[in-house]
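Engineer: For reference, the file start08.csv (CSV, C-alpha atoms) is included below:
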chain,number,residue,atom,x,y,z
A,1,MET,CA,-42.6,1.1,20.8
A,2,SER,CA,-40.7,-1.7,22.5
A,3,PRO,CA,-39.0,-4.6,20.7
A,4,LEU,CA,-41.0,-7.7,20.1
A,5,THR,CA,-39.9,-11.2,21.2
A,6,TRP,CA,-41.6,-14.2,19.6
A,7,ALA,CA,-42.3,-17.2,21.8
A,8,VAL,CA,-44.1,-20.5,22.0
A,9,ALA,CA,-46.0,-22.3,24.7
A,10,ALA,CA,-48.2,-25.4,25.0
A,11,VAL,CA,-51.3,-26.3,27.0
A,12,VAL,CA,-50.3,-29.9,27.4
A,13,ILE,CA,-53.2,-32.2,28.4
A,14,ASP,CA,-52.6,-35.8,29.2
A,15,GLY,CA,-55.0,-38.7,28.8
A,16,SER,CA,-56.6,-38.1,32.2
A,17,GLY,CA,-57.2,-34.4,31.5
A,18,ARG,CA,-54.3,-33.0,33.7
A,19,LEU,CA,-52.3,-30.0,32.6
A,20,LEU,CA,-48.5,-29.7,32.6
A,21,LEU,CA,-47.3,-26.5,34.1
A,22,CYS,CA,-43.8,-25.2,35.0
A,23,ARG,CA,-43.0,-23.3,38.1
A,24,ARG,CA,-40.2,-20.9,37.4
A,25,SER,CA,-37.7,-20.3,40.2
A,26,ASP,CA,-36.9,-16.8,39.1
A,27,GLY,CA,-39.0,-13.6,39.7
A,28,ALA,CA,-42.5,-14.0,41.1
A,29,ARG,CA,-42.3,-17.9,41.1
A,30,ARG,CA,-45.6,-18.2,39.4
A,31,TRP,CA,-46.8,-21.3,37.4
A,32,ALA,CA,-46.8,-21.0,33.7
A,33,LEU,CA,-47.2,-23.0,30.5
A,34,PRO,CA,-44.0,-24.7,29.3
A,35,GLY,CA,-42.4,-23.1,26.3
A,36,GLY,CA,-39.7,-20.8,25.2
A,37,ARG,CA,-38.4,-18.4,22.6
A,38,LEU,CA,-38.9,-19.0,18.9
A,39,ARG,CA,-35.7,-19.3,17.0
A,40,HIS,CA,-35.3,-17.6,13.6
A,41,ASP,CA,-34.8,-20.9,11.8
A,42,GLU,CA,-37.8,-22.9,13.0
A,43,SER,CA,-41.6,-22.9,12.7
A,44,PRO,CA,-43.7,-22.2,15.8
A,45,ALA,CA,-44.9,-25.9,15.8
A,46,ASP,CA,-41.3,-27.2,15.7
A,47,ALA,CA,-40.3,-24.6,18.3
A,48,VAL,CA,-43.0,-25.7,20.8
A,49,VAL,CA,-41.9,-29.3,20.6
A,50,ARG,CA,-38.2,-28.3,21.2
A,51,ALA,CA,-39.0,-25.8,23.9
A,52,VAL,CA,-41.3,-27.9,26.0
A,53,ARG,CA,-38.9,-30.8,25.9
A,54,ALA,CA,-35.9,-28.6,26.8
A,55,GLU,CA,-37.8,-27.0,29.7
A,56,THR,CA,-39.8,-30.0,31.2
A,57,GLY,CA,-38.2,-33.2,29.7
A,58,TRP,CA,-41.5,-34.1,28.1
A,59,THR,CA,-41.9,-34.7,24.3
A,60,VAL,CA,-45.2,-33.3,23.1
A,61,GLU,CA,-47.3,-33.6,19.9
A,62,PRO,CA,-49.0,-30.3,19.0
A,63,VAL,CA,-52.7,-30.7,18.1
A,64,ASP,CA,-53.7,-27.2,17.0
A,65,LEU,CA,-53.0,-23.5,17.6
A,66,VAL,CA,-55.1,-22.1,20.5
A,67,GLY,CA,-54.1,-18.6,19.6
A,68,LEU,CA,-51.7,-15.7,19.8
A,69,TYR,CA,-51.2,-14.0,23.1
A,70,ARG,CA,-49.4,-10.6,23.2
A,71,VAL,CA,-47.9,-9.7,26.6
A,72,ILE,CA,-47.1,-6.0,26.7
A,73,GLY,CA,-44.3,-5.0,29.0
A,74,PRO,CA,-44.8,-2.2,31.5
A,75,ARG,CA,-44.6,1.3,29.9
A,76,THR,CA,-41.6,3.1,31.3
A,77,PRO,CA,-39.6,6.1,30.2
A,78,ALA,CA,-36.6,5.5,28.0
A,79,PRO,CA,-33.6,4.5,30.1
A,80,PRO,CA,-30.5,6.7,30.2
A,81,ALA,CA,-27.8,6.0,27.6
A,82,GLY,CA,-25.9,2.8,28.3
A,83,ARG,CA,-28.7,1.3,30.4
A,84,CYS,CA,-31.0,-1.6,29.6
A,85,GLY,CA,-34.6,-0.7,28.7
A,86,ALA,CA,-37.9,-2.2,29.7
A,87,ARG,CA,-38.6,-5.9,29.0
A,88,PRO,CA,-39.8,-6.4,25.4
A,89,ASP,CA,-43.3,-7.2,24.4
A,90,VAL,CA,-43.8,-10.9,23.8
A,91,LEU,CA,-46.0,-12.5,21.1
A,92,VAL,CA,-46.7,-16.1,22.2
A,93,HIS,CA,-48.0,-18.8,19.9
A,94,VAL,CA,-50.0,-21.1,22.3
A,95,PHE,CA,-50.6,-24.7,21.1
A,96,ARG,CA,-52.9,-27.4,22.4
A,97,ALA,CA,-50.7,-30.5,22.8
A,98,GLY,CA,-50.5,-34.0,24.2
A,99,PRO,CA,-47.6,-35.9,25.7
A,100,ALA,CA,-45.9,-38.2,23.2
A,101,GLY,CA,-45.1,-40.8,25.8
A,102,VAL,CA,-45.9,-41.9,29.4
A,103,GLU,CA,-42.8,-40.5,30.9
A,104,PRO,CA,-40.4,-37.6,30.3
A,105,LEU,CA,-37.4,-38.4,28.1
A,106,SER,CA,-35.0,-36.2,30.0
A,107,GLU,CA,-34.6,-34.1,33.2
A,108,PRO,CA,-36.3,-30.6,33.3
A,109,ALA,CA,-34.2,-27.6,32.8
A,110,ALA,CA,-32.7,-25.8,35.8
A,111,GLY,CA,-35.3,-23.3,37.0
A,112,CYS,CA,-38.4,-25.3,35.9
A,113,LEU,CA,-40.3,-27.5,38.3
A,114,PRO,CA,-42.8,-29.3,36.0
A,115,ARG,CA,-46.0,-30.7,37.5
A,116,TRP,CA,-49.3,-32.2,36.3
A,117,TRP,CA,-52.4,-30.5,37.6
A,118,PRO,CA,-56.1,-31.4,37.4
A,119,PRO,CA,-58.0,-28.5,35.8
A,120,GLN,CA,-60.2,-28.0,38.9
A,121,GLU,CA,-57.1,-27.8,41.2
A,122,LEU,CA,-54.9,-25.3,39.3
A,123,PRO,CA,-52.6,-23.2,41.5
A,124,ASP,CA,-53.7,-19.6,42.2
A,125,VAL,CA,-50.4,-18.2,41.2
A,126,LEU,CA,-50.7,-18.5,37.4
A,127,THR,CA,-49.4,-15.9,35.0
A,128,PRO,CA,-52.3,-14.0,33.4
A,129,ALA,CA,-51.5,-15.3,29.9
A,130,THR,CA,-51.4,-18.9,31.3
A,131,ARG,CA,-54.8,-18.5,32.9
A,132,ALA,CA,-56.4,-17.2,29.7
A,133,ALA,CA,-54.7,-19.7,27.4
A,134,ILE,CA,-55.8,-22.6,29.6
A,135,ALA,CA,-59.4,-21.3,29.7
A,136,ASP,CA,-59.4,-21.0,25.9
A,137,ALA,CA,-57.8,-24.4,25.3
A,138,LEU,CA,-60.2,-26.2,27.7
A,139,ALA,CA,-63.2,-24.4,26.1
A,140,GLY,CA,-62.1,-25.7,22.7
A,141,ARG,CA,-61.3,-22.3,21.3
A,142,SER,CA,-58.8,-21.8,18.5
A,143,GLY,CA,-57.6,-18.7,16.6
A,144,VAL,CA,-57.8,-16.6,19.7
A,145,LEU,CA,-56.1,-13.2,19.7
A,146,ARG,CA,-55.5,-11.6,23.1
A,147,HIS,CA,-53.2,-9.1,24.7
A,148,THR,CA,-52.3,-8.0,28.3
A,149,ALA,CA,-49.9,-5.8,30.1
A,150,SER,CA,-47.4,-7.6,32.3
A,151,GLY,CA,-48.9,-8.4,35.6
A,152,ASP,CA,-52.4,-7.3,34.5
A,153,ALA,CA,-55.4,-9.6,33.9
A,154,LEU,CA,-55.5,-10.8,30.3
A,155,THR,CA,-58.3,-9.4,28.2
A,156,PRO,CA,-59.5,-10.5,24.8
A,157,SER,CA,-59.3,-8.3,21.8
A,158,GLY,CA,-62.7,-6.7,21.2
A,159,ASP,CA,-65.5,-6.2,23.8
A,160,GLY,CA,-64.0,-7.9,26.8
A,161,GLN,CA,-66.0,-11.1,26.6
A,162,PRO,CA,-64.4,-14.4,25.8
A,163,ALA,CA,-65.0,-15.7,22.3
A,164,PRO,CA,-67.2,-18.8,21.9
A,165,PRO,CA,-65.4,-22.1,20.9
A,166,GLY,CA,-64.0,-21.9,17.4
A,167,GLN,CA,-64.4,-18.1,17.1
A,168,ARG,CA,-61.7,-15.5,17.3
A,169,ALA,CA,-62.2,-12.8,19.9
A,170,SER,CA,-61.8,-10.2,17.2
A,171,GLU,CA,-64.5,-12.0,15.1
A,172,GLN,CA,-66.9,-11.9,18.0
A,173,ALA,CA,-66.4,-8.1,18.3
A,174,ASP,CA,-67.0,-7.7,14.6
A,175,SER,CA,-70.3,-9.7,14.8
A,176,LYS,CA,-71.7,-7.3,17.4
A,177,ARG,CA,-71.2,-4.2,15.2
For the file at hand, write its structure as C-alpha cells.
Structural biologist:
Amino acid sequence: MSPLTWAVAAVVIDGSGRLLLCRRSDGARRWALPGGRLRHDESPADAVVRAVRAETGWTVEPVDLVGLYRVIGPRTPAPPAGRCGARPDVLVHVFRAGPAGVEPLSEPAAGCLPRWWPPQELPDVLTPATRAAIADALAGRSGVLRHTASGDALTPSGDGQPAPPGQRASEQADSKR
C-alpha cells in the first residue's frame, strides 16, 4: 500500500460558463484543475481557496463539493534501500467554485499557466481526473466517488456508468443490485 496524499482542486466556472484550468510546465504539460495539497491545519474548503489563489492568482468562492477523486500511482516493485519509492496515491477533494472578483489578485505561481476555457473548447490534453471532475461538475453532480490509476482513464466506483446528477456513483451501483 502506498502513502496517501490529500489534495484539493476546484472546477472554477465564471459568469459566462468558462472554466479555469492550469497548464503545468513540468512532466507531461497537461492541463489540470487548479489546486494543491491539503495542509494538516486547514479544512478542504479553506485549502481550495488558498491553493487556487496561490497557483493562479484568482480568489475563488467554493459552492459545493463535487466529489472525492482518488488517483492511484502506478504499481511498481519496492525500491532498493535508500531510493525513493513510487508516487503516492492522491485523494483530491474537488469543489465547484466561482471567481470572487473580475480579475486575479496576484500573479500565478511559477509553473502554472492559467487560462479560461469555454466547456465546448477544452484542450485535449487534460489529466484523467480533471476530465472526469469537469464532466461531473457541469452535469450538476455532487458526492461523486471515483478512482483511477495514473495515466489511465478515470472510472467511477461501481458499474462503470456515470452517476446521475445528485447521486453518488456508489449509490448508483447499489440501486442496481
Engineer: Between CA of Glu107 in chain A and CA of Ala129 in chain A, what is the spacing in Å?
Structural biologist: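 CA of Ala129 in chain A sits 25.5 Å away from CA of Glu107 in chain A.
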Engineer: What is the CA of Thr59 in chain A-CA of Gly143 in chain A distance in Å, reported with one decimal?
Structural biologist: 23.7 Å
Engineer: Would you mind listing what lies within 8 Å of range 38-45 of chain A as a list in words, with all atoms listed in the file counted and same-chain residues fewer than 3 positions away left out?
Structural biologist: Trp6, Ala7, Val8, Val48, Val49, Pro62, His93 and Phe95 of chain A
Engineer: Using all atoms listed in the file, pick whichever of A:Pro128, A:Gly98, A:Pro123, A:Pro114 has the shortest atom-to-atom distance to Cys22 in chain A.
Structural biologist: A:Pro114
Engineer: Mind pulling up the distance from CA of Arg115 in chain A to CA of Arg50 in chain A?
Structural biologist: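 Straight-line distance from CA of Arg50 in chain A to CA of Arg115 in chain A works out to 18.2 Å.
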Engineer: Residues around (-47.2, -34.3, 34.6), cut-off 12 Å, counting all atoms listed in the file - what are they as JSON, numbers by chain?
Structural biologist: {"A": [11, 12, 13, 14, 15, 16, 17, 18, 19, 20, 21, 22, 34, 56, 57, 58, 59, 60, 98, 99, 101, 102, 103, 104, 108, 113, 114, 115, 116, 117, 118]}
Engineer: With C-alpha atoms retained, could you export that selection as a CSV table (one decimal), keeping the file's coordinate frame?
Structural biologist:
chain,number,residue,atom,x,y,z
A,11,VAL,CA,-51.3,-26.3,27.0
A,12,VAL,CA,-50.3,-29.9,27.4
A,13,ILE,CA,-53.2,-32.2,28.4
A,14,ASP,CA,-52.6,-35.8,29.2
A,15,GLY,CA,-55.0,-38.7,28.8
A,16,SER,CA,-56.6,-38.1,32.2
A,17,GLY,CA,-57.2,-34.4,31.5
A,18,ARG,CA,-54.3,-33.0,33.7
A,19,LEU,CA,-52.3,-30.0,32.6
A,20,LEU,CA,-48.5,-29.7,32.6
A,21,LEU,CA,-47.3,-26.5,34.1
A,22,CYS,CA,-43.8,-25.2,35.0
A,34,PRO,CA,-44.0,-24.7,29.3
A,56,THR,CA,-39.8,-30.0,31.2
A,57,GLY,CA,-38.2,-33.2,29.7
A,58,TRP,CA,-41.5,-34.1,28.1
A,59,THR,CA,-41.9,-34.7,24.3
A,60,VAL,CA,-45.2,-33.3,23.1
A,98,GLY,CA,-50.5,-34.0,24.2
A,99,PRO,CA,-47.6,-35.9,25.7
A,101,GLY,CA,-45.1,-40.8,25.8
A,102,VAL,CA,-45.9,-41.9,29.4
A,103,GLU,CA,-42.8,-40.5,30.9
A,104,PRO,CA,-40.4,-37.6,30.3
A,108,PRO,CA,-36.3,-30.6,33.3
A,113,LEU,CA,-40.3,-27.5,38.3
A,114,PRO,CA,-42.8,-29.3,36.0
A,115,ARG,CA,-46.0,-30.7,37.5
A,116,TRP,CA,-49.3,-32.2,36.3
A,117,TRP,CA,-52.4,-30.5,37.6
A,118,PRO,CA,-56.1,-31.4,37.4
